[in-house]
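Some notes on the structure that comes next.
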Amino acid sequence: MTVAAIHNEVGTKLNQLRSLLAEVLPGRDEVCLTCSFQAEDVLLTKLAIELDPGLPILFLDTGYHFAQTYAYRDQIASEWQLNLVNLLPDKTVAEQESEYGLLYQTSPDLCCKLRKVEPLFKAVANYRVWLTGLRREQARSRTALEESALFTLPGGKQVLKLAPLAGWTTRDVWYACEHLVIPLLPLYARGYTSIGCEPCTSLPPDPNDPRSGRWAGRKVECGIHIEEAAKQP
């Protein structure tokens, strides 16, 4: 496929994405968007705020992010005037490490639960619609990802979880960001392909698996995108 053909294809996808977002936005009292400030999330954020500048953009401030991630978040939030909502865990990093030690080494599932899953689910429960930048190509665990599905939160409340980029490829995302002149997180230029908390993110050892650099291969998901109901016997 030629570069021109790729651009045309991505242009069509962008138009379809804008049409989809127009169906749910503006709706700031009912809709939120979770953003890790990775490429797909920033792309989705850019298109969403064109329709609803006041849309709540939820960011999980775990306290363990790369310095570059925090700087980039602040840059984009300022330049785009985002309604940024930084979600904090109940305990600071110092408090958690004093009580449990380095959980990201000894019990990464518990660390993610305390610093990611619980704060996010608590926040998302305030909305009816949850927009995410998830894509099927990101990981084997996401190959069955639906663009639209009800998600059951702890406690039983259901929210409509939308993943409008589900069928997009990494190439699609990068061409779209280039087309829209969206600057990307500088860590990509250093070879990172999936970026989370600094202690649990390394350069990907498997070039065919963008998330192979997460959690040193000990797991593939933090737990946010796994329904509590699905865990029950």
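Each chain of the structure tokens is named A, B, ... in the order shown, its residues numbered from 1; ligands are numbered from 1 in display order.
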
Which of region 44-218 of chain A end up as helix (DSSP H, G or I) when DSSP is run on this backbone - answer as a PDB file with N, CA and C atoms, in the first residue's frame?
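Saved the output as result-v4.pdb:
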```
ATOM      1  N   LEU A  44      -7.376  10.029  20.650  1.00  0.00           N
ATOM      2  CA  LEU A  44      -8.793  10.021  21.003  1.00  0.00           C
ATOM      3  C   LEU A  44      -9.164  11.279  21.776  1.00  0.00           C
ATOM      4  N   THR A  45      -8.293  11.710  22.669  1.00  0.00           N
ATOM      5  CA  THR A  45      -8.542  12.926  23.436  1.00  0.00           C
ATOM      6  C   THR A  45      -8.656  14.138  22.522  1.00  0.00           C
ATOM      7  N   LYS A  46      -7.743  14.241  21.560  1.00  0.00           N
ATOM      8  CA  LYS A  46      -7.739  15.369  20.634  1.00  0.00           C
ATOM      9  C   LYS A  46      -9.063  15.476  19.887  1.00  0.00           C
ATOM     10  N   LEU A  47      -9.557  14.356  19.392  1.00  0.00           N
ATOM     11  CA  LEU A  47     -10.805  14.369  18.623  1.00  0.00           C
ATOM     12  C   LEU A  47     -12.008  14.610  19.538  1.00  0.00           C
ATOM     13  N   ALA A  48     -11.963  14.065  20.749  1.00  0.00           N
ATOM     14  CA  ALA A  48     -13.090  14.222  21.667  1.00  0.00           C
ATOM     15  C   ALA A  48     -13.263  15.667  22.128  1.00  0.00           C
ATOM     16  N   ILE A  49     -12.163  16.346  22.417  1.00  0.00           N
ATOM     17  CA  ILE A  49     -12.299  17.717  22.929  1.00  0.00           C
ATOM     18  C   ILE A  49     -12.660  18.702  21.820  1.00  0.00           C
ATOM     19  N   GLU A  50     -12.529  18.282  20.563  1.00  0.00           N
ATOM     20  CA  GLU A  50     -13.036  19.123  19.474  1.00  0.00           C
ATOM     21  C   GLU A  50     -14.551  19.259  19.600  1.00  0.00           C
ATOM     22  N   LEU A  51     -15.188  18.201  20.097  1.00  0.00           N
ATOM     23  CA  LEU A  51     -16.638  18.177  20.249  1.00  0.00           C
ATOM     24  C   LEU A  51     -17.081  18.636  21.630  1.00  0.00           C
ATOM     25  N   ALA A  67       9.296  10.526  34.492  1.00  0.00           N
ATOM     26  CA  ALA A  67       9.302  11.996  34.529  1.00  0.00           C
ATOM     27  C   ALA A  67       8.835  12.553  33.190  1.00  0.00           C
ATOM     28  N   GLN A  68       9.211  11.877  32.103  1.00  0.00           N
ATOM     29  CA  GLN A  68       8.807  12.324  30.771  1.00  0.00           C
ATOM     30  C   GLN A  68       7.295  12.258  30.592  1.00  0.00           C
ATOM     31  N   THR A  69       6.672  11.264  31.198  1.00  0.00           N
ATOM     32  CA  THR A  69       5.217  11.149  31.095  1.00  0.00           C
ATOM     33  C   THR A  69       4.538  12.309  31.799  1.00  0.00           C
ATOM     34  N   TYR A  70       5.012  12.629  33.003  1.00  0.00           N
ATOM     35  CA  TYR A  70       4.419  13.753  33.733  1.00  0.00           C
ATOM     36  C   TYR A  70       4.622  15.072  32.971  1.00  0.00           C
ATOM     37  N   ALA A  71       5.803  15.273  32.425  1.00  0.00           N
ATOM     38  CA  ALA A  71       6.073  16.512  31.692  1.00  0.00           C
ATOM     39  C   ALA A  71       5.200  16.613  30.446  1.00  0.00           C
ATOM     40  N   TYR A  72       5.062  15.500  29.749  1.00  0.00           N
ATOM     41  CA  TYR A  72       4.235  15.476  28.536  1.00  0.00           C
ATOM     42  C   TYR A  72       2.762  15.691  28.883  1.00  0.00           C
ATOM     43  N   ARG A  73       2.295  15.039  29.952  1.00  0.00           N
ATOM     44  CA  ARG A  73       0.912  15.257  30.409  1.00  0.00           C
ATOM     45  C   ARG A  73       0.661  16.731  30.662  1.00  0.00           C
ATOM     46  N   ASP A  74       1.565  17.372  31.381  1.00  0.00           N
ATOM     47  CA  ASP A  74       1.389  18.779  31.722  1.00  0.00           C
ATOM     48  C   ASP A  74       1.426  19.659  30.477  1.00  0.00           C
ATOM     49  N   GLN A  75       2.288  19.299  29.533  1.00  0.00           N
ATOM     50  CA  GLN A  75       2.384  20.071  28.284  1.00  0.00           C
ATOM     51  C   GLN A  75       1.082  19.999  27.501  1.00  0.00           C
ATOM     52  N   ILE A  76       0.584  18.783  27.290  1.00  0.00           N
ATOM     53  CA  ILE A  76      -0.638  18.608  26.512  1.00  0.00           C
ATOM     54  C   ILE A  76      -1.835  19.221  27.238  1.00  0.00           C
ATOM     55  N   ALA A  77      -1.909  19.004  28.538  1.00  0.00           N
ATOM     56  CA  ALA A  77      -3.029  19.550  29.312  1.00  0.00           C
ATOM     57  C   ALA A  77      -3.080  21.069  29.224  1.00  0.00           C
ATOM     58  N   SER A  78      -1.905  21.692  29.235  1.00  0.00           N
ATOM     59  CA  SER A  78      -1.844  23.145  29.149  1.00  0.00           C
ATOM     60  C   SER A  78      -2.159  23.640  27.745  1.00  0.00           C
ATOM     61  N   GLU A  79      -1.518  23.053  26.749  1.00  0.00           N
ATOM     62  CA  GLU A  79      -1.698  23.506  25.364  1.00  0.00           C
ATOM     63  C   GLU A  79      -3.117  23.265  24.868  1.00  0.00           C
ATOM     64  N   VAL A  93       3.010   7.252  47.517  1.00  0.00           N
ATOM     65  CA  VAL A  93       4.059   6.259  47.275  1.00  0.00           C
ATOM     66  C   VAL A  93       4.812   5.965  48.570  1.00  0.00           C
ATOM     67  N   ALA A  94       5.177   7.027  49.294  1.00  0.00           N
ATOM     68  CA  ALA A  94       5.934   6.845  50.541  1.00  0.00           C
ATOM     69  C   ALA A  94       5.138   6.046  51.563  1.00  0.00           C
ATOM     70  N   GLU A  95       3.848   6.329  51.687  1.00  0.00           N
ATOM     71  CA  GLU A  95       3.017   5.612  52.647  1.00  0.00           C
ATOM     72  C   GLU A  95       2.890   4.135  52.271  1.00  0.00           C
ATOM     73  N   GLN A  96       2.674   3.894  50.985  1.00  0.00           N
ATOM     74  CA  GLN A  96       2.534   2.502  50.547  1.00  0.00           C
ATOM     75  C   GLN A  96       3.830   1.725  50.732  1.00  0.00           C
ATOM     76  N   GLU A  97       4.947   2.334  50.370  1.00  0.00           N
ATOM     77  CA  GLU A  97       6.227   1.633  50.496  1.00  0.00           C
ATOM     78  C   GLU A  97       6.600   1.425  51.956  1.00  0.00           C
ATOM     79  N   SER A  98       6.186   2.347  52.822  1.00  0.00           N
ATOM     80  CA  SER A  98       6.454   2.177  54.249  1.00  0.00           C
ATOM     81  C   SER A  98       5.672   0.999  54.818  1.00  0.00           C
ATOM     82  N   GLU A  99       4.457   0.806  54.313  1.00  0.00           N
ATOM     83  CA  GLU A  99       3.598  -0.262  54.829  1.00  0.00           C
ATOM     84  C   GLU A  99       3.871  -1.604  54.168  1.00  0.00           C
ATOM     85  N   TYR A 100       4.094  -1.594  52.844  1.00  0.00           N
ATOM     86  CA  TYR A 100       4.191  -2.852  52.101  1.00  0.00           C
ATOM     87  C   TYR A 100       5.560  -3.128  51.483  1.00  0.00           C
ATOM     88  N   LEU A 103       5.925  -2.993  46.371  1.00  0.00           N
ATOM     89  CA  LEU A 103       4.921  -3.922  45.868  1.00  0.00           C
ATOM     90  C   LEU A 103       5.087  -4.225  44.385  1.00  0.00           C
ATOM     91  N   TYR A 104       5.601  -3.256  43.631  1.00  0.00           N
ATOM     92  CA  TYR A 104       5.756  -3.511  42.198  1.00  0.00           C
ATOM     93  C   TYR A 104       6.758  -4.625  41.932  1.00  0.00           C
ATOM     94  N   GLN A 105       7.588  -4.928  42.947  1.00  0.00           N
ATOM     95  CA  GLN A 105       8.511  -6.052  42.827  1.00  0.00           C
ATOM     96  C   GLN A 105       7.936  -7.330  43.436  1.00  0.00           C
ATOM     97  N   THR A 106       7.314  -7.206  44.604  1.00  0.00           N
ATOM     98  CA  THR A 106       6.863  -8.392  45.336  1.00  0.00           C
ATOM     99  C   THR A 106       5.450  -8.833  44.980  1.00  0.00           C
ATOM    100  N   PRO A 108       3.023  -7.255  42.080  1.00  0.00           N
ATOM    101  CA  PRO A 108       2.576  -6.250  41.112  1.00  0.00           C
ATOM    102  C   PRO A 108       1.061  -6.184  40.950  1.00  0.00           C
ATOM    103  N   ASP A 109       0.359  -7.311  41.133  1.00  0.00           N
ATOM    104  CA  ASP A 109      -1.104  -7.284  41.032  1.00  0.00           C
ATOM    105  C   ASP A 109      -1.703  -6.397  42.113  1.00  0.00           C
ATOM    106  N   LEU A 110      -1.199  -6.523  43.353  1.00  0.00           N
ATOM    107  CA  LEU A 110      -1.702  -5.697  44.449  1.00  0.00           C
ATOM    108  C   LEU A 110      -1.339  -4.233  44.227  1.00  0.00           C
ATOM    109  N   CYS A 111      -0.145  -3.983  43.736  1.00  0.00           N
ATOM    110  CA  CYS A 111       0.279  -2.605  43.468  1.00  0.00           C
ATOM    111  C   CYS A 111      -0.656  -1.956  42.448  1.00  0.00           C
ATOM    112  N   CYS A 112      -0.947  -2.671  41.365  1.00  0.00           N
ATOM    113  CA  CYS A 112      -1.852  -2.151  40.342  1.00  0.00           C
ATOM    114  C   CYS A 112      -3.255  -1.954  40.908  1.00  0.00           C
ATOM    115  N   LYS A 113      -3.686  -2.872  41.746  1.00  0.00           N
ATOM    116  CA  LYS A 113      -5.019  -2.756  42.337  1.00  0.00           C
ATOM    117  C   LYS A 113      -5.136  -1.479  43.172  1.00  0.00           C
ATOM    118  N   LEU A 114      -4.130  -1.223  44.001  1.00  0.00           N
ATOM    119  CA  LEU A 114      -4.179  -0.076  44.896  1.00  0.00           C
ATOM    120  C   LEU A 114      -3.984   1.254  44.167  1.00  0.00           C
ATOM    121  N   ARG A 115      -3.119   1.261  43.174  1.00  0.00           N
ATOM    122  CA  ARG A 115      -2.726   2.520  42.553  1.00  0.00           C
ATOM    123  C   ARG A 115      -3.409   2.796  41.209  1.00  0.00           C
ATOM    124  N   LYS A 116      -4.039   1.770  40.638  1.00  0.00           N
ATOM    125  CA  LYS A 116      -4.709   1.961  39.351  1.00  0.00           C
ATOM    126  C   LYS A 116      -6.188   1.564  39.395  1.00  0.00           C
ATOM    127  N   VAL A 117      -6.414   0.281  39.674  1.00  0.00           N
ATOM    128  CA  VAL A 117      -7.760  -0.261  39.532  1.00  0.00           C
ATOM    129  C   VAL A 117      -8.770   0.423  40.451  1.00  0.00           C
ATOM    130  N   GLU A 118      -8.471   0.463  41.736  1.00  0.00           N
ATOM    131  CA  GLU A 118      -9.429   1.028  42.684  1.00  0.00           C
ATOM    132  C   GLU A 118      -9.703   2.509  42.432  1.00  0.00           C
ATOM    133  N   PRO A 119      -8.670   3.360  42.236  1.00  0.00           N
ATOM    134  CA  PRO A 119      -8.960   4.769  41.978  1.00  0.00           C
ATOM    135  C   PRO A 119      -9.761   4.987  40.697  1.00  0.00           C
ATOM    136  N   LEU A 120      -9.463   4.207  39.656  1.00  0.00           N
ATOM    137  CA  LEU A 120     -10.167   4.414  38.393  1.00  0.00           C
ATOM    138  C   LEU A 120     -11.620   3.964  38.476  1.00  0.00           C
ATOM    139  N   PHE A 121     -11.858   2.772  39.029  1.00  0.00           N
ATOM    140  CA  PHE A 121     -13.232   2.291  39.115  1.00  0.00           C
ATOM    141  C   PHE A 121     -14.087   3.215  39.970  1.00  0.00           C
ATOM    142  N   LYS A 122     -13.503   3.751  41.028  1.00  0.00           N
ATOM    143  CA  LYS A 122     -14.234   4.695  41.875  1.00  0.00           C
ATOM    144  C   LYS A 122     -14.645   5.930  41.080  1.00  0.00           C
ATOM    145  N   ALA A 123     -13.751   6.414  40.217  1.00  0.00           N
ATOM    146  CA  ALA A 123     -14.043   7.607  39.420  1.00  0.00           C
ATOM    147  C   ALA A 123     -15.025   7.308  38.291  1.00  0.00           C
ATOM    148  N   VAL A 124     -14.819   6.197  37.588  1.00  0.00           N
ATOM    149  CA  VAL A 124     -15.670   5.853  36.446  1.00  0.00           C
ATOM    150  C   VAL A 124     -17.117   5.612  36.886  1.00  0.00           C
ATOM    151  N   ARG A 136      -7.324  -3.734  19.732  1.00  0.00           N
ATOM    152  CA  ARG A 136      -7.133  -5.188  19.726  1.00  0.00           C
ATOM    153  C   ARG A 136      -5.680  -5.565  19.463  1.00  0.00           C
ATOM    154  N   GLU A 137      -5.007  -4.788  18.658  1.00  0.00           N
ATOM    155  CA  GLU A 137      -3.635  -5.110  18.263  1.00  0.00           C
ATOM    156  C   GLU A 137      -2.630  -4.927  19.396  1.00  0.00           C
ATOM    157  N   GLN A 138      -3.033  -4.271  20.462  1.00  0.00           N
ATOM    158  CA  GLN A 138      -2.097  -3.964  21.536  1.00  0.00           C
ATOM    159  C   GLN A 138      -1.578  -5.191  22.261  1.00  0.00           C
ATOM    160  N   ARG A 140      -2.396  -9.761  23.073  1.00  0.00           N
ATOM    161  CA  ARG A 140      -3.188 -10.978  22.852  1.00  0.00           C
ATOM    162  C   ARG A 140      -4.414 -10.994  23.747  1.00  0.00           C
ATOM    163  N   SER A 141      -4.304 -10.384  24.914  1.00  0.00           N
ATOM    164  CA  SER A 141      -5.421 -10.357  25.852  1.00  0.00           C
ATOM    165  C   SER A 141      -6.551  -9.442  25.390  1.00  0.00           C
ATOM    166  N   ARG A 142      -6.322  -8.688  24.303  1.00  0.00           N
ATOM    167  CA  ARG A 142      -7.327  -7.732  23.838  1.00  0.00           C
ATOM    168  C   ARG A 142      -7.879  -8.080  22.453  1.00  0.00           C
ATOM    169  N   THR A 170      -1.425   0.059  14.899  1.00  0.00           N
ATOM    170  CA  THR A 170      -0.432   1.040  15.360  1.00  0.00           C
ATOM    171  C   THR A 170      -0.100   2.009  14.233  1.00  0.00           C
ATOM    172  N   ARG A 171       0.005   1.467  13.028  1.00  0.00           N
ATOM    173  CA  ARG A 171       0.283   2.331  11.872  1.00  0.00           C
ATOM    174  C   ARG A 171      -0.808   3.370  11.693  1.00  0.00           C
ATOM    175  N   ASP A 172      -2.075   2.971  11.838  1.00  0.00           N
ATOM    176  CA  ASP A 172      -3.186   3.915  11.731  1.00  0.00           C
ATOM    177  C   ASP A 172      -3.038   5.055  12.731  1.00  0.00           C
ATOM    178  N   VAL A 173      -2.729   4.689  13.967  1.00  0.00           N
ATOM    179  CA  VAL A 173      -2.617   5.688  15.038  1.00  0.00           C
ATOM    180  C   VAL A 173      -1.505   6.680  14.741  1.00  0.00           C
ATOM    181  N   TRP A 174      -0.353   6.167  14.318  1.00  0.00           N
ATOM    182  CA  TRP A 174       0.784   7.049  14.076  1.00  0.00           C
ATOM    183  C   TRP A 174       0.545   7.963  12.877  1.00  0.00           C
ATOM    184  N   TYR A 175      -0.064   7.441  11.823  1.00  0.00           N
ATOM    185  CA  TYR A 175      -0.368   8.288  10.672  1.00  0.00           C
ATOM    186  C   TYR A 175      -1.408   9.340  11.039  1.00  0.00           C
ATOM    187  N   ALA A 176      -2.397   8.966  11.857  1.00  0.00           N
ATOM    188  CA  ALA A 176      -3.417   9.921  12.276  1.00  0.00           C
ATOM    189  C   ALA A 176      -2.810  11.033  13.122  1.00  0.00           C
ATOM    190  N   CYS A 177      -1.915  10.663  14.035  1.00  0.00           N
ATOM    191  CA  CYS A 177      -1.250  11.674  14.867  1.00  0.00           C
ATOM    192  C   CYS A 177      -0.394  12.602  14.015  1.00  0.00           C
ATOM    193  N   GLU A 178       0.260  12.029  13.021  1.00  0.00           N
ATOM    194  CA  GLU A 178       1.059  12.862  12.110  1.00  0.00           C
ATOM    195  C   GLU A 178       0.157  13.811  11.333  1.00  0.00           C
ATOM    196  N   HIS A 179      -0.971  13.295  10.841  1.00  0.00           N
ATOM    197  CA  HIS A 179      -1.912  14.105  10.067  1.00  0.00           C
ATOM    198  C   HIS A 179      -2.463  15.267  10.891  1.00  0.00           C
ATOM    199  N   PRO A 186       7.809  11.543  24.253  1.00  0.00           N
ATOM    200  CA  PRO A 186       9.192  11.339  23.788  1.00  0.00           C
ATOM    201  C   PRO A 186       9.758   9.947  24.042  1.00  0.00           C
ATOM    202  N   LEU A 187       9.178   9.195  24.968  1.00  0.00           N
ATOM    203  CA  LEU A 187       9.686   7.861  25.264  1.00  0.00           C
ATOM    204  C   LEU A 187       9.579   6.916  24.070  1.00  0.00           C
ATOM    205  N   TYR A 188       8.653   7.181  23.161  1.00  0.00           N
ATOM    206  CA  TYR A 188       8.556   6.345  21.964  1.00  0.00           C
ATOM    207  C   TYR A 188       9.849   6.401  21.157  1.00  0.00           C
ATOM    208  N   ALA A 189      10.450   7.575  21.107  1.00  0.00           N
ATOM    209  CA  ALA A 189      11.676   7.743  20.335  1.00  0.00           C
ATOM    210  C   ALA A 189      12.835   6.952  20.925  1.00  0.00           C
ATOM    211  N   ARG A 190      12.701   6.538  22.175  1.00  0.00           N
ATOM    212  CA  ARG A 190      13.743   5.730  22.830  1.00  0.00           C
ATOM    213  C   ARG A 190      13.496   4.230  22.668  1.00  0.00           C
ATOM    214  N   GLU A 198       7.154   3.590  35.582  1.00  0.00           N
ATOM    215  CA  GLU A 198       8.565   3.402  35.251  1.00  0.00           C
ATOM    216  C   GLU A 198       9.156   2.105  35.798  1.00  0.00           C
ATOM    217  N   PRO A 199       8.890   1.712  37.073  1.00  0.00           N
ATOM    218  CA  PRO A 199       9.517   0.487  37.574  1.00  0.00           C
ATOM    219  C   PRO A 199       9.062  -0.773  36.839  1.00  0.00           C
ATOM    220  N   CYS A 200       7.911  -0.702  36.187  1.00  0.00           N
ATOM    221  CA  CYS A 200       7.342  -1.891  35.543  1.00  0.00           C
ATOM    222  C   CYS A 200       7.345  -1.796  34.023  1.00  0.00           C
ATOM    223  N   TRP A 215       5.831  -5.169  33.044  1.00  0.00           N
ATOM    224  CA  TRP A 215       5.875  -6.071  34.194  1.00  0.00           C
ATOM    225  C   TRP A 215       6.865  -7.226  34.000  1.00  0.00           C
ATOM    226  N   ALA A 216       7.900  -7.013  33.229  1.00  0.00           N
ATOM    227  CA  ALA A 216       8.943  -8.022  33.002  1.00  0.00           C
ATOM    228  C   ALA A 216       8.357  -9.380  32.603  1.00  0.00           C
ATOM    229  N   GLY A 217       7.223  -9.333  31.914  1.00  0.00           N
ATOM    230  CA  GLY A 217       6.602 -10.564  31.454  1.00  0.00           C
ATOM    231  C   GLY A 217       5.809 -11.314  32.503  1.00  0.00           C
TER     232      GLY A 217
END
```

*DSSP on the backbone: what in region 38-99 of chain A comes out strand (DSSP E or B), as a list in words?*
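Here are the strand (DSSP E or B) residues of region 38-99 of chain A: Pro56, Ile57, Leu58, Phe59, Leu60, His65, Asn83, Leu84, Val85, Asn86 and Leu87 of chain A.
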
_Between A:Cys197, A:Leu82, A:Leu17, A:Val10, which residue has the minimum interatomic distance to Asp61 (chain A), considering only C-alpha atoms?_
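Closest candidate: A:Cys197.
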
*If you measure from CA of Leu150 (chain A) to CA of Asn86 (chain A), what distance in Å do you get, rounded to one decimal?*
24.4 Å

*Extract, using only C-alpha atoms, all DNA, RNA and protein residues at most 9 Å from Ala125 (chain A), discarding same-chain residues fewer than 6 positions from it, and format them as a VMD selection string.*
chain A and resid 153 157 to 159

*Could you give me, as a PyMOL selection string, the residues within 6 Å of region 20-35 of chain A, counting only C-alpha atoms and dropping anything in the same chain fewer than 4 positions from it?*
chain A and resi 41+52+55-59+127-132
